[in-house]
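What follows is a single structure, written as structure tokens, with notes after it.
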Amino acid sequence: MSDIAVRPATGVISKGSLTEDWLALVIGVLVFALSLFSLGGFDLLGWAVTTSVYTDLGKALAPVAKGYSSLGGLGSLAATYAALLVVLTAGVAALGGDVRRFVLAFTVVFAIAYSSWIAGSYAYVAVVTPADQQKFGISWSLKLTNEGGFIVALAAGLVIANVFPRFAEWLKEAIRPELYIKIAIVILGATIAVTAAGRLNLASSIILRGVAAIVEAYLIYWSVVYFVARKWFGFSREWSVPLASGISICGVAAAIATGGAIRARPSVPILVSSLVVVFAVVEILILPFLAQTFLWQEPLVAGAWMGLAIKTDGAAVAGGGITESLILAKAAAEGIKYQPGWILATTATVKVFIDIFIGIWAFILGYIWTNHVTPRADKARASEIWERFPKFILGFVAVFAISLWLAVGTTPDIAKALPAAANEANVFRVIFFILTFFSIGVLSDFRKLWQDGFAKLAAVYVVSLFGFVIWVGLLISWLFFSGFKPPLAS
Amino acid sequence: MSSELNTEAAREVEPLLPIEKKLIGYSLGLGIVLLVILVAINHLFPLTL
């Protein structure tokens with residue numbers, strides 16, 4: 001493993017039938033279920049820590065609910081850390097991981113990641129509008145919004161990966177970006193439902209347009225990248241299939257699923273996955289800022305673009321989050337206040353639609369390979385569709401459906417209380433985002449890119465990604481989403 | 001693992017099989033047709049607020 005660009009996420013770890021997918025579903029649904037108790041007047045998550053933009057560090061942290069204000073900022077931070085540690089340690093133990101190493105590593109990961117988030121909320125980093133500058137008594141700021149903390153966390157991870165590789169190795173038991181982002185996506189279902197409930201027509205229109213993302217990723221991107229890898233770069237089928245899937249569909253999961261389907265050696269999709277993660281980091285650092293500059297007047301185009309252009313769930317949804325904060329900030333500076341949540345919801349919808357078909361695509365490729373390319377006895381089975389299906393999506397759909405029902409199908413009292421409950425769950429979504437950004441950074445050792453043999457693989461990626469994936473994604477996003485804005489904040 | 005990549009770089013190029021050409025051609029063709037249909041649907045039923 002030491003000679004690959006990034007160490008693979010430990011997402012492939014499983015014990016028995018429990019995988020990180022199922023674990024993410026369980027933890028995400030648990031957070032959502034606990035948040036719902038507040039609908040009945042029992043606030044079980046109000047102690048979770050939130051960070052406000054600050055100039056006085058002592059005022060940065062606070063519990064999310066006023067009912068827990070006696071805890072104070074540091075108390076809520078400690079409670080949040082302890083709760084996450086207990087739940088995630090239990091999960092890692094169930095997966096068969098090294099519990100002692102996880103506890104130590106997660107403590108450090110949480111400390112660095114949340115410190116990065118606090119640093120990103122410093123007024124000189126986060127404040128966007130002149131009015132807020134005046135409010136905080138500052139004359140300038142980087143205008144990154146408080147979600148600039150994601151960039152700080154990513155940068156901290158990159159420094160550790162590239163300057164302190166032994167430290168990065170020590171942290172690896174708690175570096176689980178796939179687990180963290182999948183939990184976040186399950187929780188995100190509640191936020192998206194609450195957002196969608198306010199504008200059901202727009203929400204259903206966005207969901208319908210997710211179909212275009214499936215067509216683009218599986219039928220257009222995949223076939224072109226596969227052709228480029230095979231014809232122009234001379235890669236074998238064993239390498240070209242995971243490579244095309246990684247670049248076209250969803251980096252890690254698709255590369256591993258389709259690599260397995262054509263019976264490639266396990267090391268092949270893992271190496272491809274590492275490449276995808278490295279390039280996803282590059283994309284996160286560039287595309288949201290391009291979107292803010294050129295697409296701030298087309299927020300939904302920008303959101304869809306992130307979902308189509310950035311590979312890996314973590315990077316795409318994280319990129320959508322940064323894009324949303326940057327575009328909302330730019331629009332606010334121009335006097336337009338959009339309702340938050342729509343850009344991120346568009347990115348997540350596009351990404352989830354793409355993910356749903358990974359199992360089916362893996363089965364199709366497996367069928368073709370085992371029957372026509374390299375005929376063999378162990379033919380692809382229909383059950384592989386279910387085996388390859390990203391199970392955490394079931395959690396996302398369930399959380400979304402229940403939240404939507406609570407918002408529009410129950411009593412006005414429940415509908416009124418739901419946003420506060422979803423907001424408490426959302427605090428954990430943000431924390432899992434932060435952990436994801438930091439973990440992605442720690443997994444990205446750019447020096448390995450220069451190793452022998454990797455350049456050709458990277459060349460396919462560069463040609464495909466910058467040659468057409470980004471631009472076709474932009475064109476499709478424009479065709480389907482241009483001219484439509486998120487609702488204005490009331 | 002980089003040695004596997006070096007081996008990969010050194011090996012003879014596998015020619016595209018007819019089934020691969022079909023897979024590429026049909027995927028691309030179907031993808032473009034479906035996109036055109038979806039664009040038409042999008043035009044007929046635009047995003048609504």
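Every chain in the structure tokens takes a letter, A first, then B, and so on in the order presented; its residues are numbered from 1, and the ligands are numbered from 1 following the presented order.
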Select all residues from chain A having any atom no more than 9 Å from an atom of chain B (counting only C-alpha atoms, ignoring ligands), output as a PDB file with C-alpha atoms, in the first residue's frame.
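Dumped everything to out26.pdb:
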ATOM      1  CA  MET A   1       0.000   0.000   0.000  1.00  0.00           C
ATOM      2  CA  SER A   2       2.893   2.326   0.548  1.00  0.00           C
ATOM      3  CA  ASP A   3       3.470   2.920  -3.124  1.00  0.00           C
ATOM      4  CA  ILE A   4       0.144   4.294  -4.153  1.00  0.00           C
ATOM      5  CA  ARG A 199     -41.166  24.511  -2.699  1.00  0.00           C
ATOM      6  CA  LEU A 200     -42.427  21.088  -3.722  1.00  0.00           C
ATOM      7  CA  ASN A 201     -42.697  21.969  -7.416  1.00  0.00           C
ATOM      8  CA  LEU A 202     -39.082  23.070  -7.653  1.00  0.00           C
ATOM      9  CA  ALA A 203     -37.912  20.095  -5.614  1.00  0.00           C
ATOM     10  CA  SER A 204     -39.711  17.543  -7.788  1.00  0.00           C
ATOM     11  CA  SER A 205     -38.370  19.265 -10.913  1.00  0.00           C
ATOM     12  CA  ILE A 206     -34.818  18.955  -9.600  1.00  0.00           C
ATOM     13  CA  ARG A 209     -33.534  16.219 -13.743  1.00  0.00           C
ATOM     14  CA  VAL A 211     -32.232  11.314 -14.566  1.00  0.00           C
ATOM     15  CA  ALA A 212     -30.079  13.350 -16.951  1.00  0.00           C
ATOM     16  CA  VAL A 215     -27.545   9.161 -18.617  1.00  0.00           C
ATOM     17  CA  GLU A 216     -24.522  11.425 -18.700  1.00  0.00           C
ATOM     18  CA  TYR A 218     -23.122   5.931 -17.277  1.00  0.00           C
ATOM     19  CA  LEU A 219     -23.739   6.162 -20.996  1.00  0.00           C
ATOM     20  CA  ILE A 220     -21.726   9.141 -22.202  1.00  0.00           C
ATOM     21  CA  TYR A 221     -18.832   9.684 -19.783  1.00  0.00           C
ATOM     22  CA  TRP A 222     -18.155   5.991 -19.273  1.00  0.00           C
ATOM     23  CA  SER A 223     -18.035   5.033 -22.933  1.00  0.00           C
ATOM     24  CA  VAL A 224     -15.813   7.971 -23.899  1.00  0.00           C
ATOM     25  CA  TYR A 226     -13.229   3.722 -21.708  1.00  0.00           C
ATOM     26  CA  PHE A 227     -12.482   4.424 -25.368  1.00  0.00           C
ATOM     27  CA  ARG A 230      -8.226   1.600 -24.369  1.00  0.00           C
ATOM     28  CA  LYS A 231      -7.585   3.213 -27.746  1.00  0.00           C
ATOM     29  CA  GLY A 234      -3.458   1.346 -24.693  1.00  0.00           C
ATOM     30  CA  PHE A 235      -4.641   0.252 -21.240  1.00  0.00           C
ATOM     31  CA  SER A 236      -5.898  -3.298 -20.880  1.00  0.00           C
ATOM     32  CA  ARG A 237      -9.550  -4.048 -20.191  1.00  0.00           C
ATOM     33  CA  TRP A 239      -7.459  -1.334 -16.025  1.00  0.00           C
ATOM     34  CA  SER A 267      -5.223  -3.900  -6.419  1.00  0.00           C
ATOM     35  CA  VAL A 268      -6.373  -2.385  -9.725  1.00  0.00           C
ATOM     36  CA  LEU A 271      -5.057   2.162  -7.284  1.00  0.00           C
ATOM     37  CA  ILE A 368     -20.834  -8.820 -20.743  1.00  0.00           C
ATOM     38  CA  HIS A 372     -18.501 -12.414 -24.061  1.00  0.00           C
ATOM     39  CA  VAL A 373     -15.084 -10.996 -23.168  1.00  0.00           C
ATOM     40  CA  GLN A 451       6.117   7.535  -9.121  1.00  0.00           C
ATOM     41  CA  ASP A 452       6.855   5.314 -12.076  1.00  0.00           C
ATOM     42  CA  GLY A 453       3.834   4.081 -13.907  1.00  0.00           C
ATOM     43  CA  PHE A 454       1.382   6.444 -12.269  1.00  0.00           C
ATOM     44  CA  LYS A 456       0.136   7.328 -17.618  1.00  0.00           C
ATOM     45  CA  LEU A 457      -2.861   6.556 -15.430  1.00  0.00           C
ATOM     46  CA  ILE A 476     -25.668  19.437 -19.247  1.00  0.00           C
ATOM     47  CA  LEU A 479     -29.214  22.803 -20.368  1.00  0.00           C
ATOM     48  CA  PHE A 480     -31.310  21.531 -17.483  1.00  0.00           C
ATOM     49  CA  PHE A 481     -30.946  24.143 -14.754  1.00  0.00           C
ATOM     50  CA  GLY A 483     -32.602  30.338 -15.686  1.00  0.00           C
ATOM     51  CA  PHE A 484     -33.985  28.890 -12.468  1.00  0.00           C
ATOM     52  CA  LYS A 485     -33.013  30.319  -9.106  1.00  0.00           C
ATOM     53  CA  PRO A 486     -33.471  29.099  -5.554  1.00  0.00           C
ATOM     54  CA  PRO A 487     -36.321  30.805  -3.690  1.00  0.00           C
TER      55      PRO A 487
END
Got a sec: who's within 9 Å of range 355-364 of chain A, counting only C-alpha atoms, leaving out chain neighbours fewer than 6 positions off, as a short mmCIF file (atom, residue, chain, number, x, y, z; two decimals) with N, CA and C atoms, in the first residue's frame?
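Contents of selection-v7.cif, freshly written:
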data_model
loop_
_atom_site.label_atom_id
_atom_site.label_comp_id
_atom_site.auth_asym_id
_atom_site.auth_seq_id
_atom_site.Cartn_x
_atom_site.Cartn_y
_atom_site.Cartn_z
N ILE A 214 -27.79 10.50 -14.65
CA ILE A 214 -27.54 9.07 -14.83
C ILE A 214 -27.10 8.79 -16.27
N TYR A 218 -23.28 7.34 -16.92
CA TYR A 218 -23.12 5.93 -17.28
C TYR A 218 -22.98 5.71 -18.78
N ILE A 249 -18.30 7.81 -12.99
CA ILE A 249 -19.48 7.58 -12.16
C ILE A 249 -19.24 8.12 -10.76
N CYS A 250 -18.64 7.32 -9.92
CA CYS A 250 -18.40 7.76 -8.56
C CYS A 250 -17.15 7.06 -8.09
N ALA A 253 -16.42 3.89 -5.07
CA ALA A 253 -17.42 2.82 -5.08
C ALA A 253 -17.55 2.19 -6.47
N ALA A 254 -17.62 3.03 -7.49
CA ALA A 254 -17.84 2.50 -8.85
C ALA A 254 -16.61 1.74 -9.34
N ALA A 257 -16.65 -1.57 -7.49
CA ALA A 257 -17.78 -2.42 -7.90
C ALA A 257 -17.58 -2.99 -9.30
N THR A 258 -17.21 -2.13 -10.25
CA THR A 258 -17.07 -2.63 -11.63
C THR A 258 -15.79 -3.45 -11.79
N GLY A 259 -14.75 -3.07 -11.03
CA GLY A 259 -13.53 -3.89 -11.06
C GLY A 259 -13.84 -5.30 -10.58
N GLY A 260 -14.63 -5.40 -9.52
CA GLY A 260 -15.02 -6.71 -9.02
C GLY A 260 -15.89 -7.45 -10.02
N ALA A 261 -16.75 -6.71 -10.69
CA ALA A 261 -17.68 -7.34 -11.64
C ALA A 261 -16.96 -7.99 -12.81
N ILE A 262 -15.86 -7.38 -13.26
CA ILE A 262 -15.13 -7.99 -14.39
C ILE A 262 -14.00 -8.88 -13.89
N ASP A 313 -18.30 10.60 -3.60
CA ASP A 313 -19.44 11.21 -2.91
C ASP A 313 -18.99 12.34 -2.00
N ALA A 380 -21.78 -13.57 -13.93
CA ALA A 380 -22.36 -12.51 -13.10
C ALA A 380 -23.78 -12.90 -12.69
N ARG A 381 -24.10 -12.67 -11.42
CA ARG A 381 -25.43 -13.03 -10.91
C ARG A 381 -26.25 -11.76 -10.68
N ALA A 382 -27.57 -11.89 -10.86
CA ALA A 382 -28.46 -10.74 -10.65
C ALA A 382 -28.36 -10.24 -9.21
N SER A 383 -28.06 -11.15 -8.27
CA SER A 383 -27.97 -10.74 -6.86
C SER A 383 -26.85 -9.74 -6.64
N GLU A 384 -25.89 -9.67 -7.59
CA GLU A 384 -24.79 -8.71 -7.44
C GLU A 384 -25.30 -7.27 -7.51
N ILE A 385 -26.46 -7.07 -8.16
CA ILE A 385 -27.03 -5.72 -8.21
C ILE A 385 -27.28 -5.25 -6.79
N TRP A 386 -27.88 -6.12 -5.99
CA TRP A 386 -28.15 -5.77 -4.59
C TRP A 386 -26.85 -5.69 -3.79
N GLU A 387 -25.96 -6.65 -4.03
CA GLU A 387 -24.70 -6.64 -3.28
C GLU A 387 -23.92 -5.35 -3.52
N ARG A 388 -23.97 -4.84 -4.75
CA ARG A 388 -23.21 -3.62 -5.09
C ARG A 388 -23.98 -2.35 -4.77
N PHE A 389 -25.25 -2.50 -4.45
CA PHE A 389 -26.05 -1.29 -4.22
C PHE A 389 -25.53 -0.54 -2.99
N PRO A 390 -25.28 0.78 -3.11
CA PRO A 390 -24.82 1.54 -1.94
C PRO A 390 -25.94 1.68 -0.92
N ILE A 393 -27.80 4.77 0.75
CA ILE A 393 -28.82 5.54 0.02
C ILE A 393 -30.21 5.20 0.54
#
- Item | For CA of Ala119 in chain A and CA of Leu295 in chain A, the interatomic separation in Å (one decimal) |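 Interatomic distance here is 27.4 Å.
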- 9 Å contact set for range 96-108 of chain A, only C-alpha atoms, chain neighbours under 6 positions out, as a ChimeraX atom specification: /A:13-15,81,85-86,88-90,170-175
Prev. selection, N, CA and C atoms, output as a PDB file, in the first residue's frame:
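Wrote it out as part.pdb, contents follow:
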ATOM      1  N   ILE A  13     -13.491  -2.241   4.462  1.00  0.00           N
ATOM      2  CA  ILE A  13     -13.479  -3.087   5.655  1.00  0.00           C
ATOM      3  C   ILE A  13     -14.889  -3.525   5.990  1.00  0.00           C
ATOM      4  N   SER A  14     -15.034  -4.771   6.287  1.00  0.00           N
ATOM      5  CA  SER A  14     -16.340  -5.250   6.727  1.00  0.00           C
ATOM      6  C   SER A  14     -16.150  -6.485   7.577  1.00  0.00           C
ATOM      7  N   LYS A  15     -17.145  -6.745   8.390  1.00  0.00           N
ATOM      8  CA  LYS A  15     -17.100  -7.955   9.214  1.00  0.00           C
ATOM      9  C   LYS A  15     -18.467  -8.616   9.075  1.00  0.00           C
ATOM     10  N   TYR A  81     -17.790  15.529  21.206  1.00  0.00           N
ATOM     11  CA  TYR A  81     -16.656  14.621  20.967  1.00  0.00           C
ATOM     12  C   TYR A  81     -16.928  13.260  21.609  1.00  0.00           C
ATOM     13  N   LEU A  85     -17.327   9.779  19.709  1.00  0.00           N
ATOM     14  CA  LEU A  85     -16.330   8.750  20.006  1.00  0.00           C
ATOM     15  C   LEU A  85     -17.015   7.429  20.364  1.00  0.00           C
ATOM     16  N   VAL A  86     -18.013   7.510  21.231  1.00  0.00           N
ATOM     17  CA  VAL A  86     -18.711   6.288  21.670  1.00  0.00           C
ATOM     18  C   VAL A  86     -19.388   5.597  20.479  1.00  0.00           C
ATOM     19  N   LEU A  88     -18.977   6.014  17.137  1.00  0.00           N
ATOM     20  CA  LEU A  88     -18.088   5.562  16.058  1.00  0.00           C
ATOM     21  C   LEU A  88     -17.194   4.407  16.516  1.00  0.00           C
ATOM     22  N   THR A  89     -16.770   4.445  17.787  1.00  0.00           N
ATOM     23  CA  THR A  89     -15.947   3.341  18.285  1.00  0.00           C
ATOM     24  C   THR A  89     -16.747   2.039  18.275  1.00  0.00           C
ATOM     25  N   ALA A  90     -18.001   2.126  18.693  1.00  0.00           N
ATOM     26  CA  ALA A  90     -18.858   0.935  18.648  1.00  0.00           C
ATOM     27  C   ALA A  90     -18.967   0.435  17.202  1.00  0.00           C
ATOM     28  N   TRP A 170      -0.195   6.981  11.156  1.00  0.00           N
ATOM     29  CA  TRP A 170      -0.668   6.714  12.521  1.00  0.00           C
ATOM     30  C   TRP A 170      -2.163   7.015  12.666  1.00  0.00           C
ATOM     31  N   LEU A 171      -2.624   8.003  11.907  1.00  0.00           N
ATOM     32  CA  LEU A 171      -4.032   8.417  12.006  1.00  0.00           C
ATOM     33  C   LEU A 171      -4.992   7.502  11.243  1.00  0.00           C
ATOM     34  N   LYS A 172      -4.450   6.600  10.427  1.00  0.00           N
ATOM     35  CA  LYS A 172      -5.267   5.959   9.385  1.00  0.00           C
ATOM     36  C   LYS A 172      -6.504   5.231   9.906  1.00  0.00           C
ATOM     37  N   GLU A 173      -6.469   4.720  11.145  1.00  0.00           N
ATOM     38  CA  GLU A 173      -7.639   3.969  11.644  1.00  0.00           C
ATOM     39  C   GLU A 173      -8.881   4.866  11.720  1.00  0.00           C
ATOM     40  N   ALA A 174      -8.639   6.186  11.900  1.00  0.00           N
ATOM     41  CA  ALA A 174      -9.786   7.106  12.001  1.00  0.00           C
ATOM     42  C   ALA A 174      -9.983   7.914  10.721  1.00  0.00           C
ATOM     43  N   ILE A 175      -9.203   7.605   9.700  1.00  0.00           N
ATOM     44  CA  ILE A 175      -9.343   8.322   8.426  1.00  0.00           C
ATOM     45  C   ILE A 175     -10.297   7.522   7.556  1.00  0.00           C
TER      46      ILE A 175
END
- Item | Members of range 131-246 of chain A assigned helix (DSSP H, G or I) by DSSP, as number ranges by chain | A: 131-136, 148-163, 165-174, 177-198, 200-232, 237-246
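If you count only C-alpha atoms and ignore residues fewer than 3 places along the chain from Asn146 in chain A, what sits within 8 Å of it is Ser52, Val53, Trp117, Gly120, Ser121, Tyr122, Val125, Ala126, Val127 and Gly149 of chain A.
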- List the neighbours of range 410-424 of chain A out to 7 Å using only C-alpha atoms; skip same-chain residues closer than 3 positions along the sequence, and give me the result as an NGL selection string. :A and (35-36 or 38-39 or 45-46 or 64 or 190-191 or 194 or 405-407 or 427)
If you keep C-alpha atoms, can you produce a file of those selected residues as a PDB file, in the first residue's frame?
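Writing done, so here's selection_10.pdb:
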ATOM      1  CA  SER A  35     -33.468  14.652  16.564  1.00  0.00           C
ATOM      2  CA  LEU A  36     -37.156  13.770  16.104  1.00  0.00           C
ATOM      3  CA  SER A  38     -37.633  17.278  19.962  1.00  0.00           C
ATOM      4  CA  LEU A  39     -40.983  17.186  18.111  1.00  0.00           C
ATOM      5  CA  LEU A  45     -29.399  16.530  20.722  1.00  0.00           C
ATOM      6  CA  GLY A  46     -29.439  20.153  21.839  1.00  0.00           C
ATOM      7  CA  VAL A  64     -27.116  24.310  19.365  1.00  0.00           C
ATOM      8  CA  ALA A 190     -33.807  15.604   6.566  1.00  0.00           C
ATOM      9  CA  THR A 191     -32.410  19.016   5.625  1.00  0.00           C
ATOM     10  CA  VAL A 194     -37.384  20.451   5.013  1.00  0.00           C
ATOM     11  CA  TRP A 405     -44.150  13.379   5.341  1.00  0.00           C
ATOM     12  CA  LEU A 406     -43.698  15.117   8.697  1.00  0.00           C
ATOM     13  CA  ALA A 407     -43.383  18.468   6.919  1.00  0.00           C
ATOM     14  CA  VAL A 427     -25.106  20.062  13.244  1.00  0.00           C
TER      15      VAL A 427
END
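Counting from CA of Gln292 in chain A, the distance to CA of Phe150 in chain A is 16.1 Å.
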- Can you tell me, as a PyMOL selection string, what residues are no more than 7 Å from Ala489 in chain A when counting only C-alpha atoms, ignoring any on the same chain fewer than 2 positions away? chain A and resi 337-339+487
Deliver the residues from the most recent selection as a file, using N, CA and C atoms, as an mmCIF file, in the first residue's frame.
data_model
loop_
_atom_site.group_PDB
_atom_site.id
_atom_site.type_symbol
_atom_site.label_atom_id
_atom_site.label_comp_id
_atom_site.auth_asym_id
_atom_site.auth_seq_id
_atom_site.Cartn_x
_atom_site.Cartn_y
_atom_site.Cartn_z
ATOM 1 N N LYS A 337 -30.645 37.677 -1.458
ATOM 2 C CA LYS A 337 -30.522 36.674 -0.392
ATOM 3 C C LYS A 337 -31.316 35.431 -0.754
ATOM 4 N N TYR A 338 -30.587 34.404 -1.245
ATOM 5 C CA TYR A 338 -31.262 33.149 -1.588
ATOM 6 C C TYR A 338 -31.480 32.322 -0.333
ATOM 7 N N GLN A 339 -32.539 31.501 -0.393
ATOM 8 C CA GLN A 339 -32.766 30.554 0.686
ATOM 9 C C GLN A 339 -31.640 29.516 0.655
ATOM 10 N N PRO A 487 -35.409 29.790 -4.239
ATOM 11 C CA PRO A 487 -36.321 30.805 -3.690
ATOM 12 C C PRO A 487 -35.542 31.829 -2.873
#
- Item | Interatomic distance (Å, one decimal) between CA of Ala82 in chain A and CA of Phe437 in chain A | 20.5 Å
